[in-house]
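Chemist: The following file, model.cif, comprises mmCIF, C-alpha atoms:
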```
data_final
#
loop_
_atom_site.label_atom_id
_atom_site.label_comp_id
_atom_site.auth_asym_id
_atom_site.auth_seq_id
_atom_site.Cartn_x
_atom_site.Cartn_y
_atom_site.Cartn_z
CA MET B 798 -4.75 16.73 -18.40
CA THR B 799 -5.17 13.12 -17.28
CA ARG B 800 -8.43 12.22 -15.55
CA ILE B 801 -7.74 9.95 -12.57
CA LEU B 802 -10.19 8.16 -10.29
CA VAL B 803 -8.78 7.13 -6.90
CA VAL B 804 -10.87 4.42 -5.24
CA GLY B 805 -10.37 4.20 -1.48
CA ALA B 806 -9.33 7.82 -1.16
CA GLY B 807 -10.11 7.89 2.56
CA GLY B 808 -7.28 5.54 3.49
CA PHE B 809 -3.63 6.20 4.27
CA ILE B 810 -2.24 5.81 0.77
CA GLY B 811 -5.38 6.99 -1.01
CA SER B 812 -5.61 10.27 0.89
CA HIS B 813 -1.95 11.17 0.32
CA LEU B 814 -2.05 10.07 -3.31
CA SER B 815 -5.20 12.05 -4.15
CA THR B 816 -3.63 15.27 -2.88
CA PHE B 817 -0.31 14.57 -4.59
CA LEU B 818 -1.82 13.79 -7.99
CA ALA B 819 -4.21 16.77 -7.91
CA ALA B 820 -1.25 19.09 -8.44
CA LYS B 821 -0.80 17.74 -11.98
CA HIS B 822 -3.97 15.92 -12.92
CA GLU B 823 -7.76 16.10 -12.80
CA VAL B 824 -8.48 13.88 -9.82
CA PHE B 825 -11.79 12.36 -8.73
CA THR B 826 -12.19 10.23 -5.62
CA CYS B 827 -14.56 7.72 -4.11
CA SER B 828 -14.68 6.06 -0.72
CA LEU B 829 -17.10 4.75 1.88
CA SER B 830 -17.15 8.04 3.79
CA GLY B 831 -17.41 11.79 3.30
CA GLN B 832 -19.94 13.94 1.49
CA GLY B 833 -20.74 13.52 -2.18
CA THR B 834 -19.38 16.39 -4.29
CA ALA B 835 -18.49 17.07 -7.90
CA ARG B 836 -15.09 15.51 -7.21
CA HIS B 837 -16.03 12.84 -4.66
CA ARG B 838 -18.45 9.92 -4.77
CA VAL B 839 -19.59 8.04 -1.67
CA LEU B 840 -19.81 4.28 -2.21
CA ASP B 841 -22.52 1.94 -0.98
CA PRO B 842 -20.45 -0.68 0.92
CA ASP B 843 -22.85 -3.48 -0.05
CA ALA B 844 -23.45 -2.53 -3.69
CA PRO B 845 -20.94 0.02 -5.01
CA ASP B 846 -22.03 1.40 -8.39
CA PHE B 847 -18.68 1.29 -10.13
CA VAL B 848 -20.27 1.07 -13.59
CA GLY B 849 -22.24 4.25 -12.94
CA ILE B 850 -19.22 6.12 -11.57
CA LEU B 851 -16.96 5.06 -14.44
CA SER B 852 -19.60 5.84 -17.07
CA GLU B 853 -20.15 9.31 -15.59
CA LEU B 854 -16.53 10.31 -14.94
CA ARG B 855 -14.83 8.36 -17.76
CA PRO B 856 -11.37 8.42 -16.15
CA ASP B 857 -8.22 7.70 -18.10
CA ILE B 858 -6.85 5.82 -15.11
CA CYS B 859 -8.50 4.14 -12.10
CA ILE B 860 -6.23 3.56 -9.10
CA ASN B 861 -7.52 1.07 -6.57
CA CYS B 862 -6.30 2.00 -3.07
CA SER B 863 -9.21 0.25 -1.36
CA GLY B 864 -9.25 -3.04 0.51
CA ALA B 865 -8.24 -4.56 3.83
CA ALA B 866 -4.61 -4.15 4.93
CA ASN B 867 -4.26 -6.15 8.12
CA VAL B 868 -2.42 -9.48 8.08
CA SER B 869 -3.55 -10.54 11.56
CA ALA B 870 -7.19 -9.70 10.83
CA SER B 871 -7.06 -11.80 7.66
CA PHE B 872 -6.49 -14.90 9.83
CA LEU B 873 -9.49 -14.00 12.01
CA SER B 874 -11.82 -13.19 9.12
CA PRO B 875 -10.48 -14.57 5.83
CA LEU B 876 -13.86 -14.24 4.09
CA ARG B 877 -14.03 -10.51 4.79
CA ASP B 878 -10.45 -10.11 3.60
CA PHE B 879 -11.32 -12.00 0.41
CA ASP B 880 -14.36 -9.81 -0.22
CA LEU B 881 -12.37 -6.57 0.17
CA ASN B 882 -9.13 -7.62 -1.52
CA VAL B 883 -10.33 -9.93 -4.30
CA ALA B 884 -14.06 -9.61 -4.97
CA ARG B 885 -13.93 -5.80 -4.87
CA VAL B 886 -11.07 -5.80 -7.39
CA VAL B 887 -13.00 -8.07 -9.76
CA GLN B 888 -16.02 -5.75 -9.42
CA LEU B 889 -13.86 -2.83 -10.52
CA LEU B 890 -12.31 -4.76 -13.39
CA ASP B 891 -15.67 -5.94 -14.65
CA ALA B 892 -17.08 -2.43 -14.35
CA ILE B 893 -14.32 -1.21 -16.67
CA ARG B 894 -15.08 -4.08 -19.07
CA THR B 895 -18.83 -3.56 -19.18
CA SER B 896 -18.96 0.24 -19.06
CA GLY B 897 -16.95 0.53 -22.26
CA VAL B 898 -14.69 3.31 -20.94
CA ASP B 899 -11.08 3.49 -22.08
CA THR B 900 -9.60 3.22 -18.58
CA ARG B 901 -6.31 1.81 -17.39
CA PHE B 902 -6.45 0.05 -14.02
CA MET B 903 -3.71 0.34 -11.40
CA HIS B 904 -4.05 -2.03 -8.47
CA LEU B 905 -2.21 -1.60 -5.17
CA SER B 906 -1.00 -5.08 -4.32
CA SER B 907 1.56 -6.05 -1.65
CA ALA B 908 4.96 -7.63 -1.13
CA ALA B 909 3.05 -10.06 1.09
CA ILE B 910 2.60 -12.19 -2.03
CA TYR B 911 6.28 -13.21 -1.73
CA GLY B 912 6.12 -14.60 1.82
CA ASN B 913 9.70 -15.37 2.87
CA PRO B 914 11.67 -15.05 -0.38
CA ALA B 915 14.77 -17.23 -0.64
CA VAL B 916 16.82 -14.54 -2.38
CA GLN B 917 17.24 -10.87 -1.39
CA PRO B 918 16.60 -8.41 -2.88
CA VAL B 919 13.45 -10.07 -4.21
CA ALA B 920 12.69 -9.56 -7.90
CA GLU B 921 9.27 -9.69 -9.55
CA SER B 922 10.20 -13.08 -11.03
CA ALA B 923 10.40 -14.65 -7.56
CA LEU B 924 7.96 -17.40 -6.65
CA ALA B 925 4.78 -16.20 -4.96
CA ALA B 926 4.52 -18.00 -1.61
CA PRO B 927 2.21 -16.02 0.71
CA LEU B 928 2.17 -16.68 4.46
CA SER B 929 -1.31 -15.29 5.22
CA PRO B 930 -4.82 -15.08 3.78
CA TYR B 931 -4.02 -11.40 3.11
CA GLY B 932 -1.01 -12.35 0.98
CA HIS B 933 -2.94 -15.05 -0.87
CA HIS B 934 -5.78 -12.65 -1.59
CA LYS B 935 -3.44 -9.96 -2.90
CA ARG B 936 -1.98 -12.57 -5.23
CA LEU B 937 -5.45 -13.66 -6.38
CA ALA B 938 -6.27 -10.01 -7.15
CA GLU B 939 -3.09 -9.76 -9.25
CA LEU B 940 -4.15 -12.87 -11.18
CA ALA B 941 -7.58 -11.33 -11.76
CA CYS B 942 -5.92 -8.21 -13.16
CA ALA B 943 -3.78 -10.34 -15.50
CA GLU B 944 -6.90 -12.29 -16.54
CA TYR B 945 -8.82 -9.15 -17.49
CA THR B 946 -5.82 -7.86 -19.44
CA ARG B 947 -5.32 -11.06 -21.42
CA LEU B 948 -8.94 -12.02 -22.00
CA PHE B 949 -10.77 -8.68 -22.06
CA SER B 950 -8.04 -6.17 -23.04
CA VAL B 951 -8.39 -4.14 -19.82
CA PRO B 952 -4.95 -2.53 -19.30
CA THR B 953 -3.78 -3.34 -15.76
CA LEU B 954 -0.68 -2.93 -13.59
CA SER B 955 -0.27 -4.31 -10.05
CA LEU B 956 2.02 -2.51 -7.60
CA ARG B 957 3.69 -4.81 -5.07
CA ILE B 958 4.15 -2.28 -2.30
CA PHE B 959 6.60 -3.13 0.44
CA SER B 960 6.36 -1.44 3.88
CA ALA B 961 4.78 1.98 3.35
CA TYR B 962 4.83 4.38 6.30
CA GLY B 963 4.45 8.04 7.21
CA PRO B 964 2.05 10.58 8.71
CA ARG B 965 -1.64 9.52 8.97
CA LEU B 966 -0.88 5.79 9.22
CA ARG B 967 -2.72 4.75 12.38
CA LYS B 968 -1.70 1.09 12.39
CA GLN B 969 1.31 -1.19 11.85
CA ILE B 970 4.69 -1.05 13.52
CA PHE B 971 5.43 2.66 14.01
CA TRP B 972 1.91 3.44 15.25
CA ASP B 973 2.17 0.42 17.56
CA ILE B 974 5.50 1.64 18.96
CA PHE B 975 4.06 5.11 19.50
CA GLN B 976 0.98 3.79 21.31
CA LYS B 977 3.05 1.63 23.66
CA TRP B 978 5.54 4.43 24.36
CA LYS B 979 2.73 6.90 25.03
CA ALA B 980 0.94 4.47 27.37
CA ASN B 981 3.79 3.62 29.74
CA GLY B 982 7.13 4.23 28.07
CA HIS B 983 7.68 0.47 27.70
CA VAL B 984 7.88 -0.84 24.14
CA GLU B 985 7.90 -4.58 23.47
CA LEU B 986 7.53 -6.00 19.97
CA PHE B 987 7.21 -9.44 18.45
CA GLY B 988 10.24 -11.21 17.00
CA THR B 989 13.93 -10.75 17.70
CA GLY B 990 14.50 -7.36 16.11
CA ALA B 991 16.77 -8.89 13.47
CA GLU B 992 13.90 -9.14 11.02
CA SER B 993 14.20 -6.61 8.20
CA ARG B 994 11.85 -4.60 6.02
CA ASP B 995 12.06 -2.38 2.96
CA PHE B 996 10.35 0.78 4.24
CA ILE B 997 9.14 3.31 1.69
CA PHE B 998 8.04 6.75 2.91
CA ILE B 999 4.62 7.88 1.72
CA ALA B 1000 5.97 10.86 -0.27
CA ASP B 1001 8.30 8.53 -2.17
CA LEU B 1002 5.45 6.07 -2.72
CA CYS B 1003 3.33 8.80 -4.31
CA ARG B 1004 6.24 9.77 -6.56
CA ALA B 1005 6.74 6.12 -7.53
CA ILE B 1006 3.08 5.83 -8.51
CA GLN B 1007 3.38 9.00 -10.60
CA CYS B 1008 6.38 7.49 -12.42
CA LEU B 1009 4.44 4.30 -13.14
CA LEU B 1010 1.43 6.26 -14.37
CA GLU B 1011 3.70 7.99 -16.87
CA ALA B 1012 6.03 5.17 -17.88
CA GLY B 1013 4.68 1.87 -16.52
CA THR B 1014 3.54 -0.94 -18.80
CA PHE B 1015 -0.11 -1.87 -18.23
CA ASP B 1016 0.09 -5.43 -19.52
CA GLY B 1017 -1.07 -7.34 -16.44
CA ARG B 1018 2.35 -7.43 -14.81
CA GLY B 1019 3.33 -6.81 -11.20
CA VAL B 1020 6.05 -4.33 -10.25
CA ASN B 1021 7.90 -3.91 -6.95
CA VAL B 1022 7.46 -0.57 -5.19
CA GLY B 1023 9.94 -0.04 -2.38
CA SER B 1024 13.05 1.92 -1.50
CA GLY B 1025 15.47 -0.80 -2.57
CA ARG B 1026 17.03 -0.76 0.92
CA SER B 1027 16.39 -2.94 3.95
CA VAL B 1028 16.61 -1.99 7.63
CA THR B 1029 16.14 -4.17 10.68
CA ILE B 1030 13.10 -3.77 12.89
CA ARG B 1031 15.44 -3.10 15.83
CA ASP B 1032 17.21 -0.23 14.05
CA SER B 1033 14.02 1.32 12.67
CA ALA B 1034 12.30 1.14 16.07
CA ALA B 1035 15.34 2.76 17.72
CA LEU B 1036 15.31 5.57 15.14
CA LEU B 1037 11.66 6.33 15.79
CA LEU B 1038 12.09 6.27 19.57
CA ALA B 1039 15.13 8.55 19.33
CA ASN B 1040 12.79 11.14 17.80
CA LEU B 1041 10.08 10.56 20.39
CA SER B 1042 12.15 10.20 23.56
CA PRO B 1043 15.95 9.73 23.68
CA THR B 1044 15.71 7.61 26.84
CA ALA B 1045 13.12 5.15 25.52
CA GLU B 1046 14.16 1.59 24.65
CA VAL B 1047 12.60 -1.22 22.68
CA HIS B 1048 12.54 -4.88 23.73
CA PHE B 1049 11.61 -7.97 21.73
CA SER B 1050 9.60 -10.94 22.95
CA GLY B 1051 11.29 -13.47 20.66
CA ASN B 1052 7.84 -14.78 19.68
CA GLU B 1053 7.00 -14.87 15.99
CA ARG B 1054 3.69 -13.46 14.79
CA LYS B 1055 1.82 -15.62 12.30
CA GLY B 1056 2.04 -14.28 8.77
CA ASP B 1057 5.07 -12.04 9.33
CA PRO B 1058 8.03 -12.52 6.94
CA GLU B 1059 11.62 -12.58 8.17
CA GLN B 1060 13.44 -10.48 5.57
CA TRP B 1061 12.27 -8.09 2.87
CA CYS B 1062 14.24 -6.01 0.41
CA ALA B 1063 12.85 -5.01 -2.97
CA ASP B 1064 14.64 -5.25 -6.28
CA ILE B 1065 13.41 -2.01 -7.87
CA VAL B 1066 15.20 -2.21 -11.22
CA GLN B 1067 11.87 -2.16 -13.06
CA LEU B 1068 10.62 0.82 -11.02
CA ARG B 1069 13.89 2.70 -11.58
CA SER B 1070 13.51 2.17 -15.33
CA CYS B 1071 10.38 4.34 -15.08
CA GLY B 1072 12.41 7.22 -13.62
CA PHE B 1073 12.02 6.64 -9.87
CA GLU B 1074 14.69 7.22 -7.24
CA PRO B 1075 13.81 7.43 -3.52
CA GLU B 1076 14.37 10.81 -1.89
CA TYR B 1077 13.83 9.74 1.74
CA ASP B 1078 16.04 7.43 3.74
CA ILE B 1079 14.61 5.80 6.87
CA SER B 1080 16.04 8.51 9.17
CA ALA B 1081 14.41 11.38 7.28
CA GLY B 1082 11.12 9.55 6.91
CA LEU B 1083 10.91 8.61 10.57
CA LYS B 1084 11.76 12.15 11.63
CA GLU B 1085 8.67 13.43 9.80
CA THR B 1086 6.61 10.49 11.05
CA ALA B 1087 7.65 11.13 14.65
CA GLN B 1088 6.71 14.80 14.37
CA TRP B 1089 3.23 13.85 13.24
CA LEU B 1090 2.92 11.21 15.97
CA LYS B 1091 3.83 13.72 18.66
CA GLU B 1092 1.10 16.01 17.35
CA GLN B 1093 -1.39 13.17 17.88
CA ALA B 1094 -0.44 13.02 21.57
#
```
Would you mind giving the structure from this file in structure tokens?
Modeler:
Amino acid sequence: MTRILVVGAGGFIGSHLSTFLAAKHEVFTCSLSGQGTARHRVLDPDAPDFVGILSELRPDICINCSGAANVSASFLSPLRDFDLNVARVVQLLDAIRTSGVDTRFMHLSSAAIYGNPAVQPVAESALAAPLSPYGHHKRLAELACAEYTRLFSVPTLSLRIFSAYGPRLRKQIFWDIFQKWKANGHVELFGTGAESRDFIFIADLCRAIQCLLEAGTFDGRGVNVGSGRSVTIRDSAALLLANLSPTAEVHFSGNERKGDPEQWCADIVQLRSCGFEPEYDISAGLKETAQWLKEQA
């Protein structure tokens, strides 16, 4: 049975992934919150003891789900974003190097490294051209992973996740729509609505990670993780609202938000070669998301 350490297990992806993987693997977690147990370690935010945790648990795989995930906040506090998305990754990589454990490192990166790609769907070979400090820092973390693979033989794989969504995500577009609808029934969003995203439902994302754990190549590369389909913001917002309130409508301000790309669709040929096929389309995923959102009200 594979021993897996999930770092950042208290977050949206980390919490879902820990539960999903525990059905097949021996899973340990660590985060900044919770109570320390045999399976969970609480990190000191200022001086996390990754060497001690790795030396004690000796995981076969370490999955880093930690870090900041807010594009707008990265403009307001780029240093904090750098600390959480770059420095923390290098701490983990160096802990693997110095602790002497035989651990593969999987890093959750982001499609934000691509910025506004010229060609859709965007392949892993596309030029990295981030639009935000967040995107730049995710790219720097990928380069650090590649560095530790080439120079120190730490096996790494970076997952360029597109727009993940689902129950428990209390931020980003669908949470924003829900909050505005709940407040006064009026929903206004940035942009024109013609912008598109490749949304991947959290259950599919967990399955994709499982496929990459089993068949991915840990040679410092990056791999796209998405559904391979794009949908406009207007259509996805309308689908969510149809599940919340059939009479609700969404309006768009026409104003762009700094750091937001125009179009995203992932080329997932590499991910498919590891055995992944998405099971959720946007309608099914938003139906489950809407049910959870209504429970929050």
Chemist: Quick one: residues within 7 Å of (-14.8, 10.8, 5.1) (file frame), counting only C-alpha atoms, please, as a VMD selection string.
Modeler: chain B and resid 807 830 to 831
Chemist: How about saving the chosen residues, C-alpha atoms kept, as an mmCIF file, in the frame of the given file?
Modeler:
```cif
data_model
loop_
_atom_site.group_PDB
_atom_site.id
_atom_site.type_symbol
_atom_site.label_atom_id
_atom_site.label_comp_id
_atom_site.auth_asym_id
_atom_site.auth_seq_id
_atom_site.Cartn_x
_atom_site.Cartn_y
_atom_site.Cartn_z
ATOM 1 C CA GLY B 807 -10.110 7.890 2.560
ATOM 2 C CA SER B 830 -17.150 8.040 3.790
ATOM 3 C CA GLY B 831 -17.410 11.790 3.300
#
```
Chemist: Just checking: using all atoms listed in the file, which residue out of B:Leu840, B:Ile858, B:Ala925, B:Val1047 ends up closest to Asp973 (chain B)?
Modeler: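 Answer, going by the shortest atom-to-atom distance: B:Val1047.
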Chemist: Choose the residue, out of B:Ser852, B:Asn913, B:Asn1052, B:Ser960, that has the smallest atom-to-atom separation from Ile810 (chain B); count all atoms listed in the file.
Modeler: B:Ser960
Chemist: For CA of Phe872 (chain B) and CA of Ile910 (chain B), quote the distance in Å rounded to one decimal.
Modeler: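 Atom-to-atom, CA of Phe872 (chain B) to CA of Ile910 (chain B), that is 15.2 Å.
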Chemist: Can you give me, as a list in words, the residues this file yields under the PyMOL selection byres ((chain B and resi 1024-1030) around 7)?
Modeler: Gly990, Ala991, Glu992, Ser993, Arg994, Asp995, Phe996, Ile997, Gly1023, Arg1031, Asp1032, Ser1033, Ala1034, Trp1061, Cys1062, Ala1063, Asp1064, Ile1065 and Pro1075 of chain B
Chemist: Take the PyMOL selection byres ((chain B and resi 965) around 8), apply it to the structure above, and return the hits as a PyMOL selection string.
Modeler: chain B and resi 809+963-964+966-967+1089
Chemist: Do a neighbour search on Phe987 (chain B) at 6 Å with only C-alpha atoms, toss out local chain neighbours closer than 3 positions, and write the hits as a PyMOL selection string.
Modeler: chain B and resi 1049-1050+1052-1053
Chemist: If the PyMOL selection byres ((chain B and resi 928) around 7) is run on the structure shown, which residues does it catch, given as number ranges by chain?
Modeler: B: 912, 926-927, 929, 932, 1056
Chemist: At a cut-off of 10 Å, using all atoms listed in the file, what residues contact Gly1051 (chain B)? Leave out same-chain residues fewer than 3 positions from it and give the result as a tab-separated table (two decimals) with C-alpha atoms, in the frame of the given file.
Modeler:
```tsv
chain	number	residue	atom	x	y	z
B	985	GLU	CA	7.90	-4.58	23.47
B	986	LEU	CA	7.53	-6.00	19.97
B	987	PHE	CA	7.21	-9.44	18.45
B	988	GLY	CA	10.24	-11.21	17.00
B	989	THR	CA	13.93	-10.75	17.70
B	990	GLY	CA	14.50	-7.36	16.11
B	1048	HIS	CA	12.54	-4.88	23.73
B	1054	ARG	CA	3.69	-13.46	14.79
```
Chemist: What is the distance, in Å and to one decimal place, between CA of Ala866 (chain B) and CA of Phe902 (chain B)?
Modeler: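 Computed distance, CA of Ala866 (chain B) to CA of Phe902 (chain B), equals 19.5 Å.
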Chemist: Between B:Val839, B:Ala1087, B:Ala892, B:Val951, which one has atoms that come closest to Ser1042 (chain B), using only C-alpha atoms?
Modeler: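 Checking each candidate against Ser1042 (chain B), we get B:Ala1087 as the closest.
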